[in-house]
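Visitor: Pasting a structure below so you can have a look.
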Amino acid sequence: MCNNDLLILLAISDMRFLSLREKIILKEKLDNITDLALLSKEDISLLLHRPLRTKNWCGSEAVKKAKYSAQLIEKYDILYCVYGSPLYPPLLLEIYDPPYLLFVRGNHQVLCDTECIAVVGTRRPTVNGMRAASEFASAAVRDGKIIVSGLAYGIDAAAHCGTIAAGGHGVGVLACGLDSVYPVANRRLAQKMIELGGCLVSEYSPGTVAQKWHFIQRNRIIAGLSKSVLVVEAPPGSGALSTADFALEQGRDVVFHHSAVRKNAYRDVEMTDVQMRRNMLKTVEQYVSEGAQLVSSYEEYCQLDGSYITDRQLLL
(Lines give C-alpha, C1' and ligand atoms only; values in the text may rest on other atoms or scores of the structure.)
Protein backbone atom coordinates (compact mmCIF):
# COMPACT_ATOMS: atom_id res chain seq x y z
CA MET A 1 0.00 0.00 0.00
CA CYS A 2 1.49 3.34 -1.03
CA ASN A 3 2.18 6.15 1.40
CA ASN A 4 -0.73 8.18 0.06
CA ASP A 5 -3.20 5.42 0.90
CA LEU A 6 -1.70 5.00 4.36
CA LEU A 7 -2.14 8.70 5.09
CA ILE A 8 -5.78 8.55 3.98
CA LEU A 9 -6.37 5.49 6.19
CA LEU A 10 -4.78 7.17 9.20
CA ALA A 11 -6.73 10.40 8.76
CA ILE A 12 -10.04 8.59 8.33
CA SER A 13 -9.33 6.26 11.25
CA ASP A 14 -8.94 9.27 13.54
CA MET A 15 -12.36 10.65 12.52
CA ARG A 16 -14.08 9.33 15.65
CA PHE A 17 -17.32 11.09 14.73
CA LEU A 18 -17.85 8.66 11.82
CA SER A 19 -19.19 5.12 11.98
CA LEU A 20 -17.25 2.18 10.54
CA ARG A 21 -19.52 2.09 7.50
CA GLU A 22 -19.04 5.83 6.89
CA LYS A 23 -15.26 5.49 7.10
CA ILE A 24 -15.35 2.76 4.48
CA ILE A 25 -17.54 4.90 2.20
CA LEU A 26 -15.31 7.96 2.64
CA LYS A 27 -12.18 5.96 1.81
CA GLU A 28 -13.80 4.78 -1.43
CA LYS A 29 -14.47 8.38 -2.43
CA LEU A 30 -10.94 9.68 -1.85
CA ASP A 31 -7.93 9.14 -4.10
CA ASN A 32 -5.46 11.60 -2.68
CA ILE A 33 -4.60 12.84 0.80
CA THR A 34 -4.62 16.39 -0.58
CA ASP A 35 -8.31 16.01 -1.37
CA LEU A 36 -9.00 15.03 2.21
CA ALA A 37 -7.06 18.04 3.53
CA LEU A 38 -9.35 20.35 1.57
CA LEU A 39 -12.60 18.80 2.79
CA SER A 40 -14.77 20.94 5.02
CA LYS A 41 -17.32 19.58 7.48
CA GLU A 42 -20.02 20.46 4.96
CA ASP A 43 -18.18 18.58 2.21
CA ILE A 44 -18.02 15.44 4.33
CA SER A 45 -21.71 15.82 5.18
CA LEU A 46 -22.56 15.88 1.48
CA LEU A 47 -20.40 12.84 0.76
CA LEU A 48 -22.05 10.84 3.54
CA HIS A 49 -25.58 12.24 3.10
CA ARG A 50 -25.96 13.34 6.71
CA PRO A 51 -25.07 16.42 8.76
CA LEU A 52 -22.00 16.08 10.96
CA ARG A 53 -22.31 17.08 14.60
CA THR A 54 -18.61 17.40 15.32
CA LYS A 55 -17.01 20.81 15.87
CA ASN A 56 -13.45 19.55 15.80
CA TRP A 57 -12.78 18.82 12.14
CA CYS A 58 -9.88 20.50 10.38
CA GLY A 59 -8.62 18.76 7.25
CA SER A 60 -5.13 20.25 7.29
CA GLU A 61 -4.62 19.29 10.95
CA ALA A 62 -5.88 15.76 10.25
CA VAL A 63 -3.32 15.34 7.48
CA LYS A 64 -0.55 16.74 9.70
CA LYS A 65 -1.44 14.21 12.40
CA ALA A 66 -1.57 11.39 9.81
CA LYS A 67 1.92 12.23 8.56
CA TYR A 68 3.27 12.19 12.11
CA SER A 69 1.60 8.83 12.77
CA ALA A 70 3.07 7.42 9.55
CA GLN A 71 6.56 8.38 10.71
CA LEU A 72 5.98 6.60 14.03
CA ILE A 73 4.68 3.51 12.24
CA GLU A 74 7.98 3.25 10.38
CA LYS A 75 10.09 4.08 13.43
CA TYR A 76 8.48 1.47 15.69
CA ASP A 77 7.82 -1.15 13.01
CA ILE A 78 4.07 -1.05 13.61
CA LEU A 79 1.75 -3.15 11.48
CA TYR A 80 -1.69 -1.83 10.54
CA CYS A 81 -4.71 -3.94 9.59
CA VAL A 82 -7.68 -2.44 7.74
CA TYR A 83 -11.14 -3.78 8.52
CA GLY A 84 -11.88 -6.68 6.20
CA SER A 85 -8.27 -7.30 5.16
CA PRO A 86 -6.72 -10.80 5.48
CA LEU A 87 -4.60 -9.62 8.44
CA TYR A 88 -7.61 -8.40 10.42
CA PRO A 89 -8.36 -10.63 13.49
CA PRO A 90 -11.33 -12.86 12.57
CA LEU A 91 -12.98 -12.72 16.00
CA LEU A 92 -12.91 -8.92 15.92
CA LEU A 93 -14.90 -8.94 12.69
CA GLU A 94 -17.85 -10.38 14.62
CA ILE A 95 -18.31 -7.57 17.15
CA TYR A 96 -20.45 -4.46 17.01
CA ASP A 97 -18.40 -1.40 16.03
CA PRO A 98 -15.04 -3.05 15.25
CA PRO A 99 -12.09 -0.68 14.69
CA TYR A 100 -11.64 0.59 11.15
CA LEU A 101 -7.87 0.38 11.56
CA LEU A 102 -6.00 -1.81 14.03
CA PHE A 103 -2.35 -1.25 14.93
CA VAL A 104 -0.05 -4.07 16.06
CA ARG A 105 3.50 -4.25 17.45
CA GLY A 106 4.95 -7.73 17.56
CA ASN A 107 3.61 -11.03 16.29
CA HIS A 108 0.24 -10.23 14.72
CA GLN A 109 -0.43 -13.90 13.96
CA VAL A 110 -1.45 -14.57 17.57
CA LEU A 111 -4.49 -12.38 16.94
CA CYS A 112 -5.80 -14.96 14.50
CA ASP A 113 -5.83 -17.61 17.22
CA THR A 114 -9.42 -18.40 18.20
CA GLU A 115 -8.25 -19.76 21.57
CA CYS A 116 -7.58 -16.36 23.12
CA ILE A 117 -8.76 -15.89 26.71
CA ALA A 118 -9.05 -12.44 28.29
CA VAL A 119 -8.04 -12.11 31.95
CA VAL A 120 -9.13 -8.81 33.49
CA GLY A 121 -9.65 -7.22 36.89
CA THR A 122 -9.08 -4.32 39.23
CA ARG A 123 -5.98 -2.12 39.29
CA ARG A 124 -5.89 -2.50 43.08
CA PRO A 125 -6.07 -6.23 43.68
CA THR A 126 -5.48 -8.34 46.74
CA VAL A 127 -2.54 -10.73 46.97
CA ASN A 128 -4.96 -13.59 46.34
CA GLY A 129 -6.23 -11.90 43.22
CA MET A 130 -2.74 -11.32 41.83
CA ARG A 131 -1.83 -14.94 42.45
CA ALA A 132 -5.06 -16.18 40.88
CA ALA A 133 -4.52 -14.15 37.69
CA SER A 134 -0.90 -15.22 37.34
CA GLU A 135 -1.55 -18.91 37.98
CA PHE A 136 -4.55 -19.02 35.62
CA ALA A 137 -2.58 -17.34 32.83
CA SER A 138 0.43 -19.61 33.28
CA ALA A 139 -1.70 -22.76 33.13
CA ALA A 140 -3.64 -21.47 30.13
CA VAL A 141 -0.60 -20.67 28.00
CA ARG A 142 0.99 -24.02 28.86
CA ASP A 143 -2.17 -25.49 27.36
CA GLY A 144 -1.62 -23.52 24.16
CA LYS A 145 -3.96 -20.59 24.84
CA ILE A 146 -3.24 -16.89 24.26
CA ILE A 147 -3.83 -14.45 27.14
CA VAL A 148 -5.38 -11.08 26.32
CA SER A 149 -5.51 -8.19 28.77
CA GLY A 150 -5.16 -4.43 29.04
CA LEU A 151 -1.61 -4.13 30.41
CA ALA A 152 -2.95 -2.02 33.29
CA TYR A 153 -1.71 -2.16 36.86
CA GLY A 154 -2.95 -4.98 39.07
CA ILE A 155 -4.74 -8.01 37.64
CA ASP A 156 -3.83 -7.23 34.00
CA ALA A 157 -0.13 -7.02 34.78
CA ALA A 158 -0.29 -10.16 36.94
CA ALA A 159 -1.88 -12.10 34.07
CA HIS A 160 0.81 -10.91 31.67
CA CYS A 161 3.55 -11.79 34.18
CA GLY A 162 2.10 -15.28 34.54
CA THR A 163 2.06 -15.62 30.76
CA ILE A 164 5.70 -14.58 30.50
CA ALA A 165 6.76 -16.86 33.37
CA ALA A 166 5.31 -19.82 31.46
CA GLY A 167 6.92 -18.72 28.19
CA GLY A 168 3.56 -18.16 26.52
CA HIS A 169 2.09 -15.62 24.14
CA GLY A 170 0.19 -12.59 25.41
CA VAL A 171 -1.72 -9.71 23.82
CA GLY A 172 -1.78 -6.30 25.48
CA VAL A 173 -4.55 -3.96 24.29
CA LEU A 174 -3.60 -0.33 24.87
CA ALA A 175 -5.63 2.86 25.18
CA CYS A 176 -2.95 4.94 23.46
CA GLY A 177 -0.81 4.81 20.33
CA LEU A 178 1.72 1.97 20.11
CA ASP A 179 4.69 4.34 20.08
CA SER A 180 4.31 4.41 23.86
CA VAL A 181 3.07 2.20 26.69
CA TYR A 182 0.61 3.29 29.34
CA PRO A 183 1.24 2.94 32.21
CA VAL A 184 4.92 3.67 31.66
CA ALA A 185 5.83 1.34 34.55
CA ASN A 186 4.73 -1.62 32.38
CA ARG A 187 7.01 -0.75 29.47
CA ARG A 188 9.49 -3.55 30.23
CA LEU A 189 6.62 -5.99 30.63
CA ALA A 190 5.30 -4.98 27.21
CA GLN A 191 8.72 -5.41 25.61
CA LYS A 192 9.10 -8.87 27.13
CA MET A 193 5.70 -9.86 25.72
CA ILE A 194 6.84 -8.86 22.24
CA GLU A 195 10.16 -10.71 22.62
CA LEU A 196 8.29 -13.91 23.53
CA GLY A 197 6.12 -13.80 20.42
CA GLY A 198 3.15 -11.84 21.72
CA CYS A 199 2.02 -8.40 20.64
CA LEU A 200 0.57 -5.02 21.59
CA VAL A 201 -2.63 -3.82 19.95
CA SER A 202 -4.45 -0.50 19.71
CA GLU A 203 -7.14 1.14 17.62
CA TYR A 204 -5.48 4.52 18.25
CA SER A 205 -2.97 5.77 15.72
CA PRO A 206 0.64 6.20 16.85
CA GLY A 207 1.15 9.52 18.60
CA THR A 208 -2.25 9.37 20.33
CA VAL A 209 -2.05 9.84 24.10
CA ALA A 210 -4.31 7.90 26.46
CA GLN A 211 -7.58 9.60 27.37
CA LYS A 212 -9.97 8.54 30.10
CA TRP A 213 -12.71 7.50 27.67
CA HIS A 214 -10.26 5.41 25.64
CA PHE A 215 -10.11 2.76 28.34
CA ILE A 216 -13.79 1.81 28.14
CA GLN A 217 -13.57 1.69 24.34
CA ARG A 218 -10.41 -0.42 24.64
CA ASN A 219 -12.35 -2.97 26.71
CA ARG A 220 -14.62 -3.89 23.80
CA ILE A 221 -11.49 -4.92 21.86
CA ILE A 222 -10.16 -7.01 24.75
CA ALA A 223 -13.46 -8.89 24.76
CA GLY A 224 -13.68 -8.95 20.97
CA LEU A 225 -10.32 -10.62 20.51
CA SER A 226 -11.18 -13.34 23.00
CA LYS A 227 -13.20 -16.53 22.97
CA SER A 228 -14.01 -15.96 26.65
CA VAL A 229 -13.34 -13.54 29.50
CA LEU A 230 -12.22 -14.37 33.04
CA VAL A 231 -12.88 -11.65 35.60
CA VAL A 232 -10.61 -11.68 38.66
CA GLU A 233 -11.58 -9.22 41.43
CA ALA A 234 -13.73 -6.44 40.00
CA PRO A 235 -15.54 -3.84 42.14
CA PRO A 236 -18.90 -2.46 40.96
CA GLY A 237 -18.47 0.06 38.16
CA SER A 238 -14.99 -1.18 37.28
CA GLY A 239 -13.55 -1.39 33.79
CA ALA A 240 -13.24 -5.15 34.18
CA LEU A 241 -17.02 -5.48 34.51
CA SER A 242 -17.46 -3.28 31.44
CA THR A 243 -15.29 -5.80 29.59
CA ALA A 244 -17.59 -8.55 30.85
CA ASP A 245 -20.60 -6.61 29.55
CA PHE A 246 -18.99 -6.14 26.15
CA ALA A 247 -18.24 -9.86 26.04
CA LEU A 248 -21.85 -10.75 26.79
CA GLU A 249 -23.09 -8.35 24.12
CA GLN A 250 -20.69 -9.97 21.67
CA GLY A 251 -21.93 -13.47 22.53
CA ARG A 252 -18.70 -14.48 24.24
CA ASP A 253 -18.37 -16.56 27.39
CA VAL A 254 -17.78 -14.88 30.76
CA VAL A 255 -16.59 -16.58 33.94
CA PHE A 256 -15.58 -15.21 37.33
CA HIS A 257 -12.78 -16.35 39.57
CA HIS A 258 -13.77 -17.26 43.13
CA SER A 259 -11.51 -14.46 44.38
CA ALA A 260 -13.94 -11.99 42.76
CA VAL A 261 -16.63 -12.72 45.38
CA ARG A 262 -14.45 -12.56 48.46
CA LYS A 263 -15.05 -9.60 50.72
CA ASN A 264 -11.47 -8.40 50.48
CA ALA A 265 -11.84 -8.10 46.71
CA TYR A 266 -13.75 -4.86 47.30
CA ARG A 267 -11.20 -3.04 49.42
CA ASP A 268 -10.82 -0.35 46.76
CA VAL A 269 -14.53 0.49 46.80
CA GLU A 270 -15.44 3.43 49.02
CA MET A 271 -19.19 3.32 48.48
CA THR A 272 -21.71 1.94 50.94
CA ASP A 273 -24.25 -0.69 49.93
CA VAL A 274 -26.90 2.03 49.86
CA GLN A 275 -24.82 4.11 47.45
CA MET A 276 -24.26 1.08 45.22
CA ARG A 277 -27.97 0.45 44.96
CA ARG A 278 -28.64 4.13 44.37
CA ASN A 279 -26.10 4.23 41.54
CA MET A 280 -27.39 0.94 40.11
CA LEU A 281 -23.88 -0.49 39.88
CA LYS A 282 -23.90 -4.19 39.21
CA THR A 283 -21.83 -6.43 41.50
CA VAL A 284 -20.05 -9.68 40.71
CA GLU A 285 -22.59 -11.48 42.90
CA GLN A 286 -25.37 -10.28 40.61
CA TYR A 287 -23.63 -11.71 37.56
CA VAL A 288 -23.26 -15.02 39.40
CA SER A 289 -26.90 -15.02 40.53
CA GLU A 290 -27.92 -14.50 36.89
CA GLY A 291 -26.01 -17.53 35.66
CA ALA A 292 -22.29 -16.70 35.43
CA GLN A 293 -20.01 -19.53 36.50
CA LEU A 294 -17.26 -19.41 39.14
CA VAL A 295 -13.91 -21.17 38.84
CA SER A 296 -10.87 -21.49 41.09
CA SER A 297 -8.34 -22.51 38.45
CA TYR A 298 -7.71 -23.01 34.76
CA GLU A 299 -8.41 -26.71 35.23
CA GLU A 300 -11.92 -25.89 36.48
CA TYR A 301 -12.37 -23.48 33.59
CA CYS A 302 -11.60 -26.31 31.15
CA GLN A 303 -14.23 -28.51 32.77
CA LEU A 304 -17.00 -26.05 31.98
CA ASP A 305 -19.09 -26.82 28.96
CA GLY A 306 -19.29 -23.73 26.75
CA SER A 307 -23.08 -23.67 26.81
CA TYR A 308 -23.05 -23.40 30.61
CA ILE A 309 -20.32 -20.83 31.09
CA THR A 310 -22.93 -18.09 31.16
CA ASP A 311 -26.67 -17.94 30.75
CA ARG A 312 -26.49 -15.16 28.18
CA GLN A 313 -30.24 -14.67 27.99
CA LEU A 314 -30.39 -13.90 31.70
CA LEU A 315 -27.33 -11.70 31.74
CA LEU A 316 -28.17 -9.53 28.75
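Naming works like this for the C-alpha coordinates: A, B, ... for the chains as they're shown, residue 1 at the start of each chain, ligands 1 onward in shown order.
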Write out as a VMD selection string which residues come within 12 Å of Arg53 in chain A when counting only C-alpha atoms, dropping same-chain ones fewer than 5 positions away.

Guide: chain A and resid 16 to 18 41 to 42 44 to 45

Visitor: What would the file look like if the residues just selected were written as an mmCIF file, in the first residue's frame with all heavy atoms?

Guide:
data_model
loop_
_atom_site.group_PDB
_atom_site.id
_atom_site.type_symbol
_atom_site.label_atom_id
_atom_site.label_comp_id
_atom_site.auth_asym_id
_atom_site.auth_seq_id
_atom_site.Cartn_x
_atom_site.Cartn_y
_atom_site.Cartn_z
ATOM 1 N N ARG A 16 -13.274 10.082 14.678
ATOM 2 C CA ARG A 16 -14.084 9.332 15.647
ATOM 3 C C ARG A 16 -15.578 9.649 15.553
ATOM 4 O O ARG A 16 -16.408 8.926 16.117
ATOM 5 C CB ARG A 16 -13.597 9.626 17.067
ATOM 6 C CG ARG A 16 -12.132 9.302 17.304
ATOM 7 C CD ARG A 16 -11.877 7.821 17.204
ATOM 8 N NE ARG A 16 -10.446 7.503 17.158
ATOM 9 C CZ ARG A 16 -9.952 6.312 16.953
ATOM 10 N NH1 ARG A 16 -10.772 5.297 16.768
ATOM 11 N NH2 ARG A 16 -8.645 6.110 16.909
ATOM 12 N N PHE A 17 -15.920 10.703 14.866
ATOM 13 C CA PHE A 17 -17.316 11.088 14.732
ATOM 14 C C PHE A 17 -18.014 10.331 13.599
ATOM 15 O O PHE A 17 -19.206 10.527 13.358
ATOM 16 C CB PHE A 17 -17.435 12.602 14.495
ATOM 17 C CG PHE A 17 -16.538 13.125 13.408
ATOM 18 C CD1 PHE A 17 -16.951 13.149 12.085
ATOM 19 C CD2 PHE A 17 -15.260 13.586 13.712
ATOM 20 C CE1 PHE A 17 -16.126 13.629 11.086
ATOM 21 C CE2 PHE A 17 -14.422 14.066 12.716
ATOM 22 C CZ PHE A 17 -14.849 14.093 11.397
ATOM 23 N N LEU A 18 -17.275 9.459 12.900
ATOM 24 C CA LEU A 18 -17.854 8.656 11.824
ATOM 25 C C LEU A 18 -18.005 7.205 12.254
ATOM 26 O O LEU A 18 -17.209 6.692 13.039
ATOM 27 C CB LEU A 18 -16.963 8.705 10.573
ATOM 28 C CG LEU A 18 -16.719 10.065 9.921
ATOM 29 C CD1 LEU A 18 -15.891 9.887 8.652
ATOM 30 C CD2 LEU A 18 -18.026 10.779 9.608
ATOM 31 N N LYS A 41 -16.297 20.386 6.813
ATOM 32 C CA LYS A 41 -17.316 19.583 7.476
ATOM 33 C C LYS A 41 -18.546 19.442 6.584
ATOM 34 O O LYS A 41 -19.163 18.372 6.519
ATOM 35 C CB LYS A 41 -17.701 20.221 8.813
ATOM 36 C CG LYS A 41 -18.665 19.378 9.629
ATOM 37 C CD LYS A 41 -18.874 19.953 11.017
ATOM 38 C CE LYS A 41 -19.701 21.226 10.950
ATOM 39 N NZ LYS A 41 -20.089 21.704 12.307
ATOM 40 N N GLU A 42 -18.865 20.499 5.867
ATOM 41 C CA GLU A 42 -20.015 20.465 4.965
ATOM 42 C C GLU A 42 -19.769 19.518 3.787
ATOM 43 O O GLU A 42 -20.684 18.813 3.335
ATOM 44 C CB GLU A 42 -20.309 21.880 4.449
ATOM 45 C CG GLU A 42 -20.861 22.837 5.497
ATOM 46 C CD GLU A 42 -19.823 23.263 6.527
ATOM 47 O OE1 GLU A 42 -18.608 23.243 6.180
ATOM 48 O OE2 GLU A 42 -20.212 23.614 7.647
ATOM 49 N N ILE A 44 -17.896 16.809 3.828
ATOM 50 C CA ILE A 44 -18.023 15.443 4.331
ATOM 51 C C ILE A 44 -19.493 15.084 4.522
ATOM 52 O O ILE A 44 -19.919 13.970 4.228
ATOM 53 C CB ILE A 44 -17.244 15.277 5.656
ATOM 54 C CG1 ILE A 44 -15.758 15.557 5.425
ATOM 55 C CG2 ILE A 44 -17.422 13.857 6.211
ATOM 56 C CD1 ILE A 44 -14.940 15.573 6.701
ATOM 57 N N SER A 45 -20.272 16.038 4.999
ATOM 58 C CA SER A 45 -21.715 15.818 5.176
ATOM 59 C C SER A 45 -22.379 15.473 3.858
ATOM 60 O O SER A 45 -23.227 14.570 3.783
ATOM 61 C CB SER A 45 -22.365 17.068 5.780
ATOM 62 O OG SER A 45 -21.872 17.340 7.066
#

Visitor: Counting only C-alpha atoms, what are the residues of range 210-251 of chain A within 12 Å of range 133-154 of chain A, and for each of them which pair of atoms is the nearest and at what distance in Å, to one decimal? Sort the table by chain and rising number, as CSV.

Guide:
residue,atom,partner,partner_atom,distance
A:His214,CA,A:Gly150,CA,11.6
A:Phe215,CA,A:Gly150,CA,8.8
A:Ile216,CA,A:Gly150,CA,10.7
A:Gln217,CA,A:Gly150,CA,11.4
A:Arg218,CA,A:Gly150,CA,7.9
A:Asn219,CA,A:Gly150,CA,7.7
A:Arg220,CA,A:Gly150,CA,10.8
A:Ile221,CA,A:Gly150,CA,9.6
A:Ile222,CA,A:Ser149,CA,6.3
A:Ala223,CA,A:Val148,CA,8.5
A:Gly224,CA,A:Val148,CA,10.1
A:Leu225,CA,A:Val148,CA,7.6
A:Ser226,CA,A:Val148,CA,7.1
A:Lys227,CA,A:Ile146,CA,10.0
A:Ser228,CA,A:Val148,CA,9.9
A:Val229,CA,A:Val148,CA,8.9
A:Leu230,CA,A:Ala133,CA,9.0
A:Val231,CA,A:Ala133,CA,9.0
A:Val232,CA,A:Ala133,CA,6.6
A:Glu233,CA,A:Ala133,CA,9.4
A:Ala234,CA,A:Gly154,CA,10.9
A:Gly239,CA,A:Gly150,CA,10.1
A:Ala240,CA,A:Gly150,CA,9.6
A:Thr243,CA,A:Ser149,CA,10.1

Visitor: Could you write out, as a list in words, all the residues of range 91-158 of chain A that DSSP marks as strand (DSSP E or B)?

Guide: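 The strand (DSSP E or B) residues within range 91-158 of chain A come out as Leu101, Leu102, Phe103, Val104, Arg105, Gly106, Cys116, Ile117, Ala118, Val119, Val120, Gly121, Ile146, Ile147, Val148 and Ser149 of chain A.
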
Visitor: For range 206-242 of chain A against range 69-88 of chain A, with a cut-off of 12 Å and counting only C-alpha atoms, what is the closest atom pair and its distance in Å to one decimal for every residue that makes the cut, ordered by chain and number, as a tab-separated table?

Guide:
residue	atom	partner	partner_atom	distance
A:Pro206	CA	A:Ser69	CA	4.9
A:Gly207	CA	A:Ser69	CA	5.9
A:Thr208	CA	A:Ser69	CA	8.5
A:Val209	CA	A:Ser69	CA	11.9
A:Leu225	CA	A:Tyr88	CA	10.7

Visitor: Taking the DSSP secondary structure from the backbone, can you list the residues of range 18-155 of chain A that are alpha helix (DSSP H), as an NGL selection string?

Guide: :A and (20-29 or 33-38 or 41-48 or 59-75 or 127-142 or 155)

Visitor: Let me make sure I understand: among A:Lys212, A:Arg21, A:Arg105, A:Arg123, which one has the smallest atom-to-atom distance to Ala175 in chain A if we use only C-alpha atoms?

Guide: A:Lys212

Visitor: Counting only C-alpha atoms, what is within 6 Å of range 1-14 of chain A, bar same-chain residues fewer than 4 positions away, as a list in words?

Guide: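 Answer for this query is Ile33, Ala62 and Ala66 of chain A.
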
Visitor: Looking at only C-alpha atoms, which of A:Val254, A:Ser40, A:Trp57, A:Leu304 is the one that sits closest to Glu290 in chain A?

Guide: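 The shortest atom-to-atom distance to Glu290 in chain A comes from A:Val254.
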
Visitor: How far is it from CA of Ser297 in chain A to CA of Val261 in chain A, in Å with one decimal?

Guide: 14.6 Å

Visitor: Using CA of Gln286 in chain A and CA of Thr122 in chain A as the two end points, give the distance in Å to one decimal.

Guide: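 The value is 17.4 Å.
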
Visitor: Of the residues A:Ala292, A:Val284, A:Thr34, A:Gln250, which is the one nearest to Pro235 in chain A, using only C-alpha atoms?

Guide: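 Among the listed residues, A:Val284 lies closest to Pro235 in chain A.
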
Visitor: Would you mind reading off the distance between CA of Pro99 in chain A and CA of Asp179 in chain A, one decimal, in Å?

Guide: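 It comes out at 18.3 Å.
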
Visitor: Closest to Ser238 in chain A among A:Val171, A:Val120, A:Ala185, A:Val288, using only C-alpha atoms?

Guide: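 Smallest distance to Ser238 in chain A is found for A:Val120.
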